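Colleague: Submitted below is the structure of interest, expressed as structure tokens.
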Amino acid sequence: MEQHQQPLNSDKDSQNSTRCRLCTDRCPPNNALWNRDFREKLQDVICEWISVGQYHNADSVCDPCRSTVEEFHQYKKNTTPQELINGLPKKQYFKQNRVRNGLRYDVRCYVCEAVVPRRRFDGHMNRHKGLKPYPCAHCEERFPCRQNLIHHTARKHADGEAMPCPDCDQVFTNRIAFMDHRARKHAERKYVCQVCGFKCRRPHLLKSHMRIHSQRRDLVCHLCGKSFKWKMALSVHLRTHTGEAPYACHVCTDPARKFVHRNMYVDHMRRLHLGEPIARLGSSKDASTG
């Protein structure tokens with residue numbers, strides 16, 4: 001340690017030494033921060049991004065500082081509980097269950113086998129567990145996914161100038177809701193089905209529509225082999241294997257009545273509980289479907 005703190009005063013030593021990036025004392029040049037493994041450990045310890053590049057003059061770290069980083073990283077690793085997914089550390093689970101989707105990697109859910117974007121995986125699992133850990137600061141709504149909360153806040157609680165739709169009498173207070181309304185209600189439907197004349201706004205919607213005419217069933221259940229035209233139909237079918245029934249009747253509590261599909265739930269409410277509010281999935285409030 002005394003040797004670590006002793007400055008190198010000779011001209012020869014000064015020419016053959018540099019400054020430690022962490023403690024600024026002189027040390028032999030070693031470019032330790034070019035080592036990706038060590039750099040990631042340091043970033044994990046100090047919780048800060050470390051930039052290295054060809055023109056950096058401070059990419060070296062002295063031996064005592066390197067030992068300190070290793071010790072702190074090992075301590076943090078042993079004392080910080082790891083989040084486990086199906087018995088595996090989160091990073092390891094994502095690596096073993098990733099599915100390539102174009103230029104990105106998605107993750108396969110171990111409960112329902114659905115493939116979801118990694119940034120929405122936590123929200124997806126919260127739906128399986130029935131958890132809604134993200135409350136809205138402006139109302140009583142709660143959401144299983146952070147992205148749902150962000151969109152809800154932007155649509156329902158954003159303050160701004162009133163934006164009337166030029167083609168109808170609706171008025172909006174935020175741009176997201178305004179643009180969504182314009183796209184759904186007033187956008188040009190330039191993609192036309194040559195068989196039945198159906199019009200839509202996006203080419204992928206027309207491609208999905210054409211399955212009605214071609215009767216193509218490209219989506220196959222890996223558990224029973226049954227095939228489907230649409231991804232939503234396959235997702236609902238998988239619930240029959242997993243036992244998931246997200247639509248529950250709030251009137252029939254003894255025994256509780258649950259349904260795998262919203263249409264079954266709505267039909268049940270209208271047949272047996274006419275006048276009762278019909279709840280929407282993912283909302284803590286009841287809302288009539290009209």
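Ordered as shown in the structure tokens, chains take letters A, B, and onward, while each chain numbers its residues from 1 and ligands are numbered from 1 in the order shown.
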Excluding stretch 86-91 of chain A and any residue of its chain fewer than 5 positions from it, enumerate the residues within 12 Å of it, using only C-alpha atoms, and give them as a VMD selection string.
Modeller: chain A and resid 81 96 to 98 107 to 111 118 121 to 122 125
Colleague: Keeping N, CA and C atoms, export the residues of the selection given above as a compact mmCIF listing (two decimals), in the first residue's frame.
Modeller:
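So result37.txt came out as:
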# COMPACT_ATOMS: atom_id res chain seq x y z
N PRO A 81 -29.75 -10.32 -3.50
CA PRO A 81 -30.54 -11.47 -3.94
C PRO A 81 -30.86 -11.39 -5.43
N GLN A 96 -31.46 -18.44 -22.28
CA GLN A 96 -31.84 -19.79 -22.67
C GLN A 96 -33.18 -19.84 -23.39
N ASN A 97 -34.03 -18.84 -23.16
CA ASN A 97 -35.39 -18.87 -23.72
C ASN A 97 -35.64 -17.76 -24.73
N ARG A 98 -34.58 -17.21 -25.29
CA ARG A 98 -34.78 -16.13 -26.25
C ARG A 98 -35.19 -16.70 -27.61
N VAL A 107 -38.69 -13.21 -25.66
CA VAL A 107 -38.56 -14.24 -24.63
C VAL A 107 -39.80 -15.12 -24.62
N ARG A 108 -39.59 -16.43 -24.49
CA ARG A 108 -40.71 -17.37 -24.42
C ARG A 108 -41.14 -17.56 -22.97
N CYS A 109 -42.42 -17.36 -22.71
CA CYS A 109 -42.98 -17.51 -21.36
C CYS A 109 -43.07 -19.00 -21.01
N TYR A 110 -42.64 -19.36 -19.81
CA TYR A 110 -42.67 -20.77 -19.40
C TYR A 110 -44.05 -21.21 -18.93
N VAL A 111 -44.99 -20.28 -18.77
CA VAL A 111 -46.34 -20.64 -18.33
C VAL A 111 -47.24 -20.95 -19.52
N ARG A 118 -38.89 -8.63 -24.52
CA ARG A 118 -38.22 -8.72 -23.23
C ARG A 118 -38.65 -7.58 -22.29
N PHE A 121 -41.82 -8.49 -20.54
CA PHE A 121 -41.91 -9.82 -19.94
C PHE A 121 -42.40 -9.74 -18.50
N ASP A 122 -41.91 -8.76 -17.73
CA ASP A 122 -42.33 -8.63 -16.34
C ASP A 122 -43.83 -8.39 -16.24
N MET A 125 -45.70 -11.64 -16.96
CA MET A 125 -45.72 -12.56 -15.82
C MET A 125 -46.63 -12.04 -14.71
Colleague: Where in stretch 4-197 of chain A does DSSP assign alpha helix (DSSP H), given as a PyMOL selection string?
Modeller: chain A and resi 4-5+11-15+36-46+63-79+90-96+121-129+146-156+175-181
Colleague: Considering only strand (DSSP E or B) as DSSP defines it on the backbone, what residues of stretch 77-193 of chain A qualify? List them as a list in words.
Modeller: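 Here are the strand (DSSP E or B) residues of stretch 77-193 of chain A: Leu84, Ile85, Leu88, Pro89, Arg98, Val99, Arg100, Asn101, Arg104, Tyr105, Asp106, Val107, Arg108, Val115, Val116, Pro117, Tyr134, Pro135, Arg142, Phe143, Met163, Pro164, Val171, Phe172, Tyr191 and Val192 of chain A.
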Colleague: Can you write just those residues out, N, CA and C atoms, as a compact mmCIF listing (two decimals), in the first residue's frame?
Modeller:
# COMPACT_ATOMS: atom_id res chain seq x y z
N LEU A 84 -35.17 -14.69 -9.56
CA LEU A 84 -35.21 -15.98 -10.26
C LEU A 84 -36.48 -16.08 -11.10
N ILE A 85 -36.35 -16.65 -12.28
CA ILE A 85 -37.48 -16.93 -13.15
C ILE A 85 -37.47 -18.42 -13.44
N LEU A 88 -34.25 -20.03 -12.46
CA LEU A 88 -32.99 -19.57 -13.05
C LEU A 88 -32.81 -18.08 -12.82
N PRO A 89 -31.56 -17.61 -12.68
CA PRO A 89 -31.34 -16.16 -12.64
C PRO A 89 -31.91 -15.50 -13.89
N ARG A 98 -34.58 -17.21 -25.29
CA ARG A 98 -34.78 -16.13 -26.25
C ARG A 98 -35.19 -16.70 -27.61
N VAL A 99 -35.99 -15.92 -28.31
CA VAL A 99 -36.50 -16.29 -29.63
C VAL A 99 -36.25 -15.13 -30.57
N ARG A 100 -35.59 -15.38 -31.66
CA ARG A 100 -35.27 -14.30 -32.59
C ARG A 100 -36.53 -13.84 -33.30
N ASN A 101 -36.72 -12.52 -33.31
CA ASN A 101 -37.88 -11.91 -33.97
C ASN A 101 -37.37 -10.74 -34.80
N ARG A 104 -34.50 -8.32 -33.31
CA ARG A 104 -34.47 -8.34 -31.86
C ARG A 104 -34.70 -9.76 -31.34
N TYR A 105 -34.45 -9.94 -30.06
CA TYR A 105 -34.72 -11.21 -29.39
C TYR A 105 -35.87 -11.02 -28.40
N ASP A 106 -36.90 -11.86 -28.53
CA ASP A 106 -37.99 -11.89 -27.57
C ASP A 106 -37.79 -13.07 -26.62
N VAL A 107 -38.69 -13.21 -25.66
CA VAL A 107 -38.56 -14.24 -24.63
C VAL A 107 -39.80 -15.12 -24.62
N ARG A 108 -39.59 -16.43 -24.49
CA ARG A 108 -40.71 -17.37 -24.42
C ARG A 108 -41.14 -17.56 -22.97
N VAL A 115 -44.57 -15.87 -26.89
CA VAL A 115 -43.32 -15.15 -27.12
C VAL A 115 -43.62 -13.66 -26.98
N VAL A 116 -42.97 -13.01 -26.02
CA VAL A 116 -43.24 -11.60 -25.72
C VAL A 116 -41.94 -10.80 -25.76
N PRO A 117 -42.01 -9.50 -26.07
CA PRO A 117 -40.80 -8.66 -26.01
C PRO A 117 -40.22 -8.67 -24.61
N TYR A 134 -48.20 -1.45 -10.43
CA TYR A 134 -47.97 -0.08 -10.91
C TYR A 134 -49.25 0.75 -10.77
N PRO A 135 -49.37 1.53 -9.68
CA PRO A 135 -50.58 2.34 -9.49
C PRO A 135 -50.46 3.68 -10.20
N ARG A 142 -54.71 0.55 -11.50
CA ARG A 142 -53.43 -0.14 -11.30
C ARG A 142 -53.18 -1.01 -12.52
N PHE A 143 -51.89 -1.24 -12.81
CA PHE A 143 -51.53 -1.93 -14.03
C PHE A 143 -50.44 -2.97 -13.76
N MET A 163 -57.61 19.80 -28.28
CA MET A 163 -57.37 19.54 -29.69
C MET A 163 -58.61 18.91 -30.31
N PRO A 164 -59.46 19.71 -30.93
CA PRO A 164 -60.67 19.17 -31.55
C PRO A 164 -60.34 18.44 -32.85
N VAL A 171 -63.17 16.06 -28.87
CA VAL A 171 -62.11 16.96 -28.43
C VAL A 171 -61.17 16.18 -27.52
N PHE A 172 -59.85 16.36 -27.69
CA PHE A 172 -58.85 15.63 -26.92
C PHE A 172 -57.92 16.61 -26.22
N TYR A 191 -55.56 0.02 -48.52
CA TYR A 191 -55.31 -1.39 -48.81
C TYR A 191 -56.65 -2.11 -48.92
N VAL A 192 -56.95 -2.60 -50.12
CA VAL A 192 -58.27 -3.16 -50.43
C VAL A 192 -58.15 -4.63 -50.78
Colleague: Which residue, A:Val61, A:His138, A:Ala154, A:Arg216, has the smallest gap to A:Ala177 when you use only C-alpha atoms?
Modeller: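 Selected residue with least distance to A:Ala177: A:Ala154.
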Colleague: Show which residues sit within 10 Å of stretch 226-235 of chain A, as a list in words. Count only C-alpha atoms, and ignore same-chain residues fewer than 4 positions away.
Modeller: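 My list of contacting residues is Cys112, Glu113, Ala114, Ser208, His209, Met210, Arg211, Ile212, Ser214, Gln215, Arg216, Arg217, Asp218, Leu219, Val220, Cys221, His222, Arg239, Thr240, Val260 and His261 of chain A.
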Colleague: Give me, please, the distance in Å between atom CA of A:Cys47 and atom CA of A:Val69, quoted to one decimal.
Modeller: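 Straight-line distance from atom CA of A:Cys47 to atom CA of A:Val69 works out to 12.3 Å.
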Colleague: Need to verify the contact set: A:Asp159, 12 Å, only C-alpha atoms, exclusion of same-chain residues closer than 5 positions in sequence. Can you return it as a VMD selection string?
Modeller: chain A and resid 153 to 154 172 to 176
Colleague: With N, CA and C atoms retained, export the selected residues as a compact mmCIF listing (two decimals), in the first residue's frame.
Modeller:
# COMPACT_ATOMS: atom_id res chain seq x y z
N THR A 153 -51.28 7.16 -18.38
CA THR A 153 -51.04 8.52 -17.90
C THR A 153 -51.03 9.51 -19.05
N ALA A 154 -50.40 9.11 -20.17
CA ALA A 154 -50.33 10.01 -21.32
C ALA A 154 -51.70 10.25 -21.95
N PHE A 172 -59.85 16.36 -27.69
CA PHE A 172 -58.85 15.63 -26.92
C PHE A 172 -57.92 16.61 -26.22
N THR A 173 -57.37 16.17 -25.10
CA THR A 173 -56.49 17.03 -24.31
C THR A 173 -55.02 16.63 -24.42
N ASN A 174 -54.72 15.55 -25.14
CA ASN A 174 -53.33 15.17 -25.33
C ASN A 174 -53.13 14.63 -26.74
N ARG A 175 -51.92 14.76 -27.24
CA ARG A 175 -51.63 14.44 -28.63
C ARG A 175 -51.72 12.94 -28.92
N ILE A 176 -51.37 12.10 -27.95
CA ILE A 176 -51.39 10.66 -28.18
C ILE A 176 -52.81 10.19 -28.49
Colleague: Could you check which of A:Lys41, A:Arg155, A:Arg21, A:Arg119 is closest to A:His73, using only C-alpha atoms?
Modeller: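 Closest candidate: A:Lys41.
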Colleague: Atom CA of A:Tyr75 and atom CA of A:Cys20, how far apart in Å?
Modeller: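 Separating atom CA of A:Cys20 from atom CA of A:Tyr75 is a distance of 22.8 Å.
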Colleague: In Å, with one decimal, what is the gap from atom CA of A:Cys165 to atom CA of A:His181?
Modeller: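 For atom CA of A:Cys165 relative to atom CA of A:His181, the distance reads 8.5 Å.
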Colleague: Out of A:Phe38, A:Val236, A:Asp63, A:Asp180, which residue has the shortest atom-to-atom distance to A:Arg26 when counting only C-alpha atoms?
Modeller: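 Smallest separation from A:Arg26 among the options: A:Asp63.
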Colleague: Here is a test: counting only C-alpha atoms, which residue of A:Leu33, A:Glu244, A:Cys62, A:Thr18 is nearest to A:Trp49?
Modeller: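 Using only C-alpha atoms, A:Trp49 sits closest to A:Leu33.
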